[in-house]
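Asks: I'm passing along data.pdb; it holds PDB, C-alpha atoms.
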```
ATOM      1  CA  MET E 250     -28.846  36.035  24.835
ATOM      2  CA  ASN E 251     -32.321  36.320  23.289
ATOM      3  CA  ILE E 252     -33.477  34.356  20.254
ATOM      4  CA  ARG E 253     -32.681  37.173  17.817
ATOM      5  CA  GLN E 254     -29.156  37.514  19.161
ATOM      6  CA  TRP E 255     -28.750  33.737  19.075
ATOM      7  CA  LEU E 256     -29.881  33.581  15.443
ATOM      8  CA  GLY E 257     -27.632  36.496  14.572
ATOM      9  CA  ALA E 258     -24.656  34.750  16.114
ATOM     10  CA  GLY E 259     -25.515  31.624  14.134
ATOM     11  CA  VAL E 260     -25.612  33.570  10.882
ATOM     12  CA  LEU E 261     -22.236  35.128  11.651
ATOM     13  CA  ALA E 262     -20.770  31.734  12.468
ATOM     14  CA  ALA E 263     -22.097  30.267   9.222
ATOM     15  CA  ALA E 264     -20.695  33.207   7.294
ATOM     16  CA  ALA E 265     -17.324  32.669   8.927
ATOM     17  CA  ILE E 266     -17.359  29.021   7.838
ATOM     18  CA  VAL E 267     -18.197  30.009   4.267
ATOM     19  CA  GLN E 268     -15.432  32.625   4.264
ATOM     20  CA  GLY E 269     -13.031  30.010   5.566
ATOM     21  CA  VAL E 270     -13.918  27.648   2.730
ATOM     22  CA  GLN E 271     -13.537  30.440   0.180
ATOM     23  CA  ALA E 272     -10.186  31.396   1.655
ATOM     24  CA  ALA E 273      -9.016  27.798   1.472
ATOM     25  CA  GLY E 274     -10.019  27.631  -2.166
ATOM     26  CA  SER E 275      -8.154  30.840  -2.920
ATOM     27  CA  GLU E 276      -4.943  29.232  -1.688
ATOM     28  CA  VAL E 277      -4.658  27.360  -4.978
ATOM     29  CA  LEU E 278      -7.091  29.039  -7.397
ATOM     30  CA  VAL E 279      -8.025  32.593  -8.295
ATOM     31  CA  SER E 280     -11.041  33.687 -10.305
ATOM     32  CA  THR E 281     -10.900  35.841 -13.408
ATOM     33  CA  ASP E 282     -12.732  38.559 -11.473
ATOM     34  CA  TRP E 283     -10.181  38.486  -8.652
ATOM     35  CA  LEU E 284      -7.243  38.651 -11.047
ATOM     36  CA  GLU E 285      -8.705  41.550 -13.016
ATOM     37  CA  LYS E 286      -9.094  43.523  -9.782
ATOM     38  CA  ASN E 287      -5.576  42.695  -8.583
ATOM     39  CA  LEU E 288      -3.477  43.089 -11.725
ATOM     40  CA  ASP E 289      -1.571  46.007 -10.227
ATOM     41  CA  GLN E 290      -0.522  44.280  -7.016
ATOM     42  CA  PRO E 291       3.247  44.823  -6.790
ATOM     43  CA  GLY E 292       4.044  41.319  -5.542
ATOM     44  CA  LEU E 293       1.974  39.550  -8.204
ATOM     45  CA  ARG E 294       3.676  37.721 -11.069
ATOM     46  CA  ILE E 295       1.471  36.379 -13.876
ATOM     47  CA  ILE E 296       2.849  33.674 -16.152
ATOM     48  CA  GLU E 297       1.229  32.230 -19.274
ATOM     49  CA  VAL E 298       2.022  28.609 -20.153
ATOM     50  CA  SER E 299       0.037  27.685 -23.247
ATOM     51  CA  VAL E 300       0.078  24.622 -25.488
ATOM     52  CA  ASN E 301      -0.303  26.391 -28.818
ATOM     53  CA  PRO E 302       2.531  28.568 -30.141
ATOM     54  CA  GLY E 303       1.750  32.251 -30.657
ATOM     55  CA  GLN E 304      -1.043  32.528 -28.103
ATOM     56  CA  TYR E 305       0.918  34.872 -25.846
ATOM     57  CA  GLU E 306       2.154  36.997 -28.749
ATOM     58  CA  ARG E 307      -1.314  37.621 -30.183
ATOM     59  CA  GLY E 308      -2.516  38.926 -26.827
ATOM     60  CA  HIS E 309      -2.083  38.077 -23.153
ATOM     61  CA  ILE E 310      -3.260  39.144 -19.720
ATOM     62  CA  PRO E 311      -1.694  42.523 -18.848
ATOM     63  CA  GLY E 312       1.529  42.080 -16.885
ATOM     64  CA  ALA E 313       1.993  38.435 -17.873
ATOM     65  CA  VAL E 314       5.269  36.933 -19.025
ATOM     66  CA  ASN E 315       5.472  33.871 -21.246
ATOM     67  CA  PHE E 316       6.975  30.466 -20.409
ATOM     68  CA  ASN E 317       7.365  28.055 -23.307
ATOM     69  CA  TRP E 318       6.519  24.628 -21.949
ATOM     70  CA  HIS E 319       8.747  22.623 -24.319
ATOM     71  CA  THR E 320      11.875  24.738 -23.807
ATOM     72  CA  ASP E 321      11.537  26.585 -20.497
ATOM     73  CA  LEU E 322       9.980  23.941 -18.242
ATOM     74  CA  VAL E 323      11.939  20.945 -19.496
ATOM     75  CA  ASP E 324      15.520  19.968 -20.089
ATOM     76  CA  PRO E 325      16.221  20.714 -23.777
ATOM     77  CA  VAL E 326      18.422  17.621 -24.274
ATOM     78  CA  ARG E 327      17.342  14.733 -22.089
ATOM     79  CA  ARG E 328      13.748  13.940 -21.181
ATOM     80  CA  ASP E 329      13.386  15.605 -17.791
ATOM     81  CA  ILE E 330      11.956  18.690 -16.154
ATOM     82  CA  ALA E 331      14.059  21.850 -16.129
ATOM     83  CA  SER E 332      17.103  21.733 -13.891
ATOM     84  CA  GLN E 333      17.151  23.637 -10.626
ATOM     85  CA  GLU E 334      19.711  26.065 -12.034
ATOM     86  CA  SER E 335      17.900  26.824 -15.289
ATOM     87  CA  PHE E 336      14.453  27.068 -13.669
ATOM     88  CA  GLN E 337      15.741  29.398 -10.951
ATOM     89  CA  LYS E 338      17.330  31.623 -13.632
ATOM     90  CA  LEU E 339      14.045  31.637 -15.574
ATOM     91  CA  LEU E 340      12.029  32.629 -12.503
ATOM     92  CA  ARG E 341      14.416  35.387 -11.507
ATOM     93  CA  GLU E 342      14.303  36.808 -15.032
ATOM     94  CA  ALA E 343      10.502  36.796 -14.732
ATOM     95  CA  GLY E 344      10.779  38.890 -11.577
ATOM     96  CA  VAL E 345       9.808  36.127  -9.153
ATOM     97  CA  SER E 346      11.092  36.609  -5.627
ATOM     98  CA  SER E 347      10.700  34.581  -2.464
ATOM     99  CA  ASP E 348       7.674  36.655  -1.417
ATOM    100  CA  SER E 349       5.952  36.778  -4.827
ATOM    101  CA  THR E 350       2.531  35.344  -5.558
ATOM    102  CA  VAL E 351       2.564  33.546  -8.899
ATOM    103  CA  ILE E 352      -0.566  33.147 -11.030
ATOM    104  CA  LEU E 353      -0.312  30.593 -13.822
ATOM    105  CA  TYR E 354      -2.732  30.350 -16.717
ATOM    106  CA  GLY E 355      -2.849  28.954 -20.235
ATOM    107  CA  ASP E 356      -4.989  27.635 -23.041
ATOM    108  CA  SER E 357      -6.555  24.158 -23.278
ATOM    109  CA  ASN E 358      -8.060  24.376 -19.789
ATOM    110  CA  ASN E 359      -4.685  25.064 -18.172
ATOM    111  CA  TRP E 360      -3.064  21.754 -19.189
ATOM    112  CA  PHE E 361       0.449  23.127 -19.269
ATOM    113  CA  ALA E 362      -0.234  25.783 -16.678
ATOM    114  CA  ALA E 363      -1.005  22.853 -14.351
ATOM    115  CA  TRP E 364       2.189  21.166 -15.549
ATOM    116  CA  GLY E 365       3.953  24.400 -14.602
ATOM    117  CA  ALA E 366       2.292  24.339 -11.175
ATOM    118  CA  TRP E 367       3.606  20.793 -10.694
ATOM    119  CA  VAL E 368       7.163  21.837 -11.626
ATOM    120  CA  PHE E 369       6.905  24.803  -9.238
ATOM    121  CA  ASP E 370       5.772  22.395  -6.531
ATOM    122  CA  VAL E 371       8.611  19.964  -7.214
ATOM    123  CA  TYR E 372      11.030  22.807  -6.497
ATOM    124  CA  GLY E 373       9.156  23.926  -3.382
ATOM    125  CA  VAL E 374       7.876  27.292  -4.628
ATOM    126  CA  ASP E 375       5.102  28.637  -2.393
ATOM    127  CA  ARG E 376       2.166  30.894  -3.267
ATOM    128  CA  VAL E 377       1.552  29.458  -6.729
ATOM    129  CA  LYS E 378      -2.050  29.499  -7.975
ATOM    130  CA  LEU E 379      -3.947  28.698 -11.152
ATOM    131  CA  LEU E 380      -6.328  31.099 -12.837
ATOM    132  CA  ASP E 381      -9.514  29.035 -12.680
ATOM    133  CA  GLY E 382     -10.805  28.550 -16.220
ATOM    134  CA  GLY E 383      -7.558  29.755 -17.743
ATOM    135  CA  ARG E 384      -7.113  31.814 -20.849
ATOM    136  CA  VAL E 385     -10.340  30.681 -22.507
ATOM    137  CA  LYS E 386     -12.534  31.908 -19.657
ATOM    138  CA  TRP E 387     -10.663  35.223 -19.505
ATOM    139  CA  GLU E 388     -11.161  35.760 -23.242
ATOM    140  CA  THR E 389     -14.778  34.542 -23.260
ATOM    141  CA  GLU E 390     -15.630  37.120 -20.609
ATOM    142  CA  GLY E 391     -14.145  39.881 -22.768
ATOM    143  CA  ARG E 392     -11.429  40.835 -20.313
ATOM    144  CA  ALA E 393      -8.420  42.871 -21.391
ATOM    145  CA  LEU E 394      -5.587  41.429 -23.451
ATOM    146  CA  THR E 395      -2.426  43.228 -24.515
ATOM    147  CA  THR E 396       0.497  42.593 -26.835
ATOM    148  CA  ARG E 397       2.778  44.713 -24.688
ATOM    149  CA  GLN E 398       5.538  42.671 -23.091
ATOM    150  CA  VAL E 399       6.530  43.502 -19.552
ATOM    151  CA  ALA E 400      10.045  43.519 -18.103
ATOM    152  CA  HIS E 401      10.192  43.059 -14.344
ATOM    153  CA  ALA E 402      13.201  43.800 -12.182
ATOM    154  CA  ALA E 403      15.125  40.604 -11.505
ATOM    155  CA  GLY E 404      13.733  38.501  -8.672
ATOM    156  CA  ASN E 405      15.670  36.870  -5.861
ATOM    157  CA  ILE E 406      13.977  33.475  -5.516
ATOM    158  CA  THR E 407      16.134  30.525  -4.450
ATOM    159  CA  LEU E 408      14.794  27.102  -5.299
ATOM    160  CA  ASN E 409      14.905  24.018  -3.112
ATOM    161  CA  GLU E 410      16.265  20.706  -4.269
ATOM    162  CA  ARG E 411      13.724  18.646  -6.178
ATOM    163  CA  ASN E 412      11.041  16.984  -4.088
ATOM    164  CA  GLU E 413      11.031  13.569  -5.731
ATOM    165  CA  ALA E 414       8.071  12.524  -3.565
ATOM    166  CA  LEU E 415       5.835  14.408  -6.019
ATOM    167  CA  ARG E 416       7.066  12.422  -8.990
ATOM    168  CA  ALA E 417       6.448   8.827  -9.980
ATOM    169  CA  ARG E 418       9.170   7.096 -11.946
ATOM    170  CA  PHE E 419       8.926   4.232 -14.417
ATOM    171  CA  VAL E 420      10.112   1.700 -11.815
ATOM    172  CA  ASP E 421       7.409   2.868  -9.392
ATOM    173  CA  VAL E 422       4.667   2.391 -11.954
ATOM    174  CA  VAL E 423       5.921  -1.032 -13.013
ATOM    175  CA  ALA E 424       5.985  -2.067  -9.351
ATOM    176  CA  VAL E 425       2.343  -1.014  -8.989
ATOM    177  CA  ALA E 426       1.371  -2.804 -12.204
ATOM    178  CA  GLU E 427       3.016  -5.991 -10.944
ATOM    179  CA  GLY E 428       1.401  -5.725  -7.502
ATOM    180  CA  LYS E 429       4.687  -5.072  -5.695
ATOM    181  CA  GLN E 430       3.818  -1.527  -4.601
ATOM    182  CA  GLN E 431       0.551  -0.149  -3.268
ATOM    183  CA  ALA E 432      -0.860   2.859  -5.118
ATOM    184  CA  GLN E 433      -3.908   3.750  -7.196
ATOM    185  CA  LEU E 434      -3.250   4.535 -10.849
ATOM    186  CA  ILE E 435      -5.471   7.065 -12.588
ATOM    187  CA  ASP E 436      -5.244   7.223 -16.370
ATOM    188  CA  ILE E 437      -6.705  10.557 -17.392
ATOM    189  CA  ARG E 438      -6.599  10.025 -21.161
ATOM    190  CA  SER E 439      -9.678   9.545 -23.303
ATOM    191  CA  ALA E 440     -11.584   6.273 -23.121
ATOM    192  CA  ASP E 441     -10.354   5.383 -26.631
ATOM    193  CA  GLU E 442      -6.726   5.798 -25.563
ATOM    194  CA  PHE E 443      -7.310   3.913 -22.334
ATOM    195  CA  ASN E 444      -9.010   0.963 -24.054
ATOM    196  CA  GLY E 445      -6.430   0.785 -26.838
ATOM    197  CA  ARG E 446      -8.663   1.830 -29.726
ATOM    198  CA  ILE E 447      -6.189   4.589 -30.618
ATOM    199  CA  PHE E 448      -2.541   5.107 -29.791
ATOM    200  CA  ALA E 449      -2.856   8.864 -29.267
ATOM    201  CA  PRO E 450      -5.081  11.794 -30.250
ATOM    202  CA  ASP E 451      -4.891  12.891 -33.890
ATOM    203  CA  GLY E 452      -2.048  15.186 -34.804
ATOM    204  CA  VAL E 453       0.316  14.540 -31.902
ATOM    205  CA  GLN E 454       3.954  13.662 -32.470
ATOM    206  CA  GLU E 455       4.753  11.738 -29.300
ATOM    207  CA  LEU E 456       3.620   8.149 -29.799
ATOM    208  CA  ALA E 457       3.946   4.723 -28.195
ATOM    209  CA  LEU E 458       4.397   1.361 -29.930
ATOM    210  CA  ARG E 459       1.715  -0.249 -27.784
ATOM    211  CA  ALA E 460      -1.861   0.799 -27.136
ATOM    212  CA  GLY E 461      -3.868   0.360 -23.948
ATOM    213  CA  HIS E 462      -3.230   1.142 -20.318
ATOM    214  CA  ILE E 463      -1.251   0.138 -17.254
ATOM    215  CA  PRO E 464      -2.791  -2.835 -15.393
ATOM    216  CA  GLY E 465      -4.883  -1.769 -12.408
ATOM    217  CA  ALA E 466      -5.454   1.784 -13.648
ATOM    218  CA  VAL E 467      -8.878   3.404 -13.585
ATOM    219  CA  ASN E 468      -9.935   5.814 -16.309
ATOM    220  CA  VAL E 469     -11.155   9.282 -15.351
ATOM    221  CA  PRO E 470     -10.559  11.632 -18.301
ATOM    222  CA  TRP E 471      -9.180  14.974 -17.171
ATOM    223  CA  GLY E 472     -12.201  16.822 -18.583
ATOM    224  CA  ALA E 473     -14.504  15.159 -16.057
ATOM    225  CA  ALA E 474     -12.984  17.411 -13.391
ATOM    226  CA  VAL E 475     -14.067  20.682 -14.999
ATOM    227  CA  ALA E 476     -17.339  22.516 -15.459
ATOM    228  CA  ALA E 477     -18.670  23.779 -18.791
ATOM    229  CA  ASP E 478     -16.743  27.060 -18.443
ATOM    230  CA  GLY E 479     -13.442  25.267 -17.830
ATOM    231  CA  THR E 480     -13.274  25.975 -14.104
ATOM    232  CA  PHE E 481     -12.663  23.144 -11.681
ATOM    233  CA  LYS E 482     -15.717  21.482 -10.218
ATOM    234  CA  SER E 483     -16.302  21.964  -6.497
ATOM    235  CA  ALA E 484     -14.368  19.886  -3.989
ATOM    236  CA  ASP E 485     -17.523  17.908  -3.183
ATOM    237  CA  GLU E 486     -18.115  17.159  -6.863
ATOM    238  CA  LEU E 487     -14.500  16.142  -7.374
ATOM    239  CA  ARG E 488     -14.562  13.917  -4.315
ATOM    240  CA  ALA E 489     -17.696  12.155  -5.577
ATOM    241  CA  LEU E 490     -16.233  11.799  -9.068
ATOM    242  CA  TYR E 491     -13.141   9.943  -7.903
ATOM    243  CA  GLU E 492     -14.917   7.985  -5.189
ATOM    244  CA  GLY E 493     -17.071   6.631  -8.030
ATOM    245  CA  VAL E 494     -14.029   4.693  -9.287
ATOM    246  CA  GLY E 495     -12.757   3.749  -5.837
ATOM    247  CA  VAL E 496     -10.304   6.611  -5.288
ATOM    248  CA  ASP E 497     -10.941   8.261  -1.930
ATOM    249  CA  GLY E 498      -7.485   9.415  -0.860
ATOM    250  CA  SER E 499      -6.941   6.542   1.568
ATOM    251  CA  ARG E 500      -4.049   5.251  -0.569
ATOM    252  CA  PRO E 501      -1.297   7.021  -2.513
ATOM    253  CA  ILE E 502      -2.267   7.976  -6.060
ATOM    254  CA  ILE E 503      -0.302   8.153  -9.312
ATOM    255  CA  THR E 504      -1.690  10.099 -12.263
ATOM    256  CA  TYR E 505      -0.563   9.610 -15.845
ATOM    257  CA  CYS E 506      -1.533  10.474 -19.415
ATOM    258  CA  ARG E 507       0.540  10.486 -22.606
ATOM    259  CA  ILE E 508       3.381  12.907 -21.802
ATOM    260  CA  GLY E 509       2.452  14.127 -18.319
ATOM    261  CA  GLU E 510       0.681  17.403 -19.018
ATOM    262  CA  ARG E 511      -2.998  16.389 -18.858
ATOM    263  CA  SER E 512      -2.213  14.273 -15.805
ATOM    264  CA  SER E 513      -0.826  17.407 -14.126
ATOM    265  CA  HIS E 514      -4.314  18.878 -14.353
ATOM    266  CA  THR E 515      -5.722  15.882 -12.458
ATOM    267  CA  TRP E 516      -2.742  15.960 -10.083
ATOM    268  CA  PHE E 517      -3.720  19.545  -9.258
ATOM    269  CA  ALA E 518      -7.363  18.635  -8.623
ATOM    270  CA  LEU E 519      -6.518  15.687  -6.385
ATOM    271  CA  SER E 520      -3.503  17.152  -4.611
ATOM    272  CA  LYS E 521      -4.217  20.850  -4.310
ATOM    273  CA  ILE E 522      -8.014  20.926  -4.127
ATOM    274  CA  LEU E 523      -8.712  17.626  -2.336
ATOM    275  CA  GLY E 524      -5.435  17.320  -0.429
ATOM    276  CA  TYR E 525      -4.716  13.704  -1.438
ATOM    277  CA  ASP E 526      -1.262  12.128  -1.610
ATOM    278  CA  VAL E 527      -0.560  12.246  -5.357
ATOM    279  CA  ARG E 528       2.451  11.767  -7.608
ATOM    280  CA  ASN E 529       2.503  12.687 -11.268
ATOM    281  CA  TYR E 530       4.085  10.185 -13.648
ATOM    282  CA  ASP E 531       5.527  12.535 -16.258
ATOM    283  CA  GLY E 532       7.011   9.653 -18.252
ATOM    284  CA  SER E 533       3.408   8.552 -18.798
ATOM    285  CA  TRP E 534       2.294   6.389 -21.727
ATOM    286  CA  THR E 535       5.031   7.482 -24.137
ATOM    287  CA  GLU E 536       7.525   5.948 -21.721
ATOM    288  CA  TYR E 537       5.507   2.998 -20.448
ATOM    289  CA  GLY E 538       3.928   2.109 -23.808
ATOM    290  CA  ASN E 539       7.356   2.061 -25.476
ATOM    291  CA  ALA E 540       8.999  -0.087 -22.797
ATOM    292  CA  VAL E 541       9.949  -3.697 -23.457
ATOM    293  CA  GLY E 542       8.487  -6.492 -21.356
ATOM    294  CA  VAL E 543       6.045  -4.558 -19.168
ATOM    295  CA  PRO E 544       2.437  -5.695 -18.591
ATOM    296  CA  VAL E 545      -0.210  -3.896 -20.667
ATOM    297  CA  VAL E 546      -4.009  -4.101 -20.841
ATOM    298  CA  ASN E 547      -5.283  -3.600 -24.394
ATOM    299  CA  VAL E 548      -9.038  -4.130 -24.441
ATOM    300  CA  ALA E 549      -9.485  -3.241 -28.108
ATOM    301  CA  GLY E 550      -6.536  -5.331 -29.246
ATOM    302  CA  THR E 551      -5.208  -2.643 -31.577
ATOM    303  CA  VAL E 552      -1.796  -3.591 -32.998
ATOM    304  CA  TRP E 553       0.894  -1.145 -34.070
ATOM    305  CA  GLY E 554       1.124  -1.074 -37.865
ATOM    306  CA  GLY E 555       4.154   1.100 -38.267
ATOM    307  CA  LYS E 556       2.235   3.933 -39.922
TER     308      LYS E 556
END
```
Take the structure from the file and write it as structure tokens.

Replies:
Amino acid sequence: MNIRQWLGAGVLAAAAIVQGVQAAGSEVLVSTDWLEKNLDQPGLRIIEVSVNPGQYERGHIPGAVNFNWHTDLVDPVRRDIASQESFQKLLREAGVSSDSTVILYGDSNNWFAAWGAWVFDVYGVDRVKLLDGGRVKWETEGRALTTRQVAHAAGNITLNERNEALRARFVDVVAVAEGKQQAQLIDIRSADEFNGRIFAPDGVQELALRAGHIPGAVNVPWGAAVAADGTFKSADELRALYEGVGVDGSRPIITYCRIGERSSHTWFALSKILGYDVRNYDGSWTEYGNAVGVPVVNVAGTVWGGK
């Protein structure tokens, strides 16, 4: 092999490595460009999960169906995720089969789309991806929206039993806070929430009677994981971000926020992009901060005033 052939082989090898990295990334994320070019794929099912009511109805990605996060993805009576039976029925009605590829997207940087991805994962659904940048990026780029609702033929998906290894419970978090269980807690709320200056963001209904955070938690607000356009930062950037607070994947991780949706976004970054062992604590601060007798760190010393 002469030098030109050797260099050519090196270029091809490097290209193969790059393609491999891109392929790995596409296992969990798709770009707006990719989705626009693949809207007509027969096995593709697009699902919008937005925070704000009416988003889907005023215009959505062609072919998308709508999941309402506070009725479709949760139990309507007790505080829990949707049951296996109801979630399977929902997916089949949306045309999801065992061989479907599901693309989730939503507003607010995919908060509840990521929550949806976590619920899908709990029930063992494969080939589920997020639209990187979500609804905002799609709209900002001037891509097509429609008000036409689609009706797919019923799907045949069968869900697994819940994988409870993906979910942290209240007792798990208390055990970590008391030093009885080894895990790293990541609080992804704002610094003001974490330090106890405020109980919750303005305008939200779900509140806690105590402000602050769980002892031992580090604070990495969810927004630190995204670029200016709402897409996830690169794996290298994410790795450096969390290593900066001592989280390197060498120990199990528990993410939490206020009600579990923003923490799902960080769960996705750590679990799906970086491959770390992560559980989402969907009880989050509205459960922990309302509990009696648990340890709390409240740096600001804010006291509940009953207003």

Asks: With the PyMOL selection byres ((chain E and resi 309) around 7) as the selection, what would be picked from this file? Answer as a PyMOL selection string, please.

Replies: chain E and resi 305+308+310-311+313+394-396

Asks: When you count all atoms listed in the file, which of these residues is closest to Val423 in chain E: E:Ile463, E:Ala400, E:Val385, E:Ala474?

Replies: E:Ile463

Asks: For this structure, which residues satisfy the selection - the PyMOL selection byres ((chain E and resi 314-321) around 6) - when it is evaluated on the file as given? I want them as a list in words.

Replies: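 For this structure, the PyMOL selection byres ((chain E and resi 314-321) around 6) resolves to Ile296, Glu297, Val298, Ala313, Leu322, Val323 and Pro325 of chain E.
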
Asks: Residues within 6 Å of Arg384 in chain E, please, as a PyMOL selection string. Count only C-alpha atoms; anything in the same chain fewer than 3 positions from it doesn't count.

Replies: chain E and resi 355-356+387

Asks: Can you tell me how far CA of Asn412 in chain E sits from CA of Ile330 in chain E, in Å to one decimal?

Replies: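 CA of Ile330 in chain E lies at a distance of 12.2 Å from CA of Asn412 in chain E.
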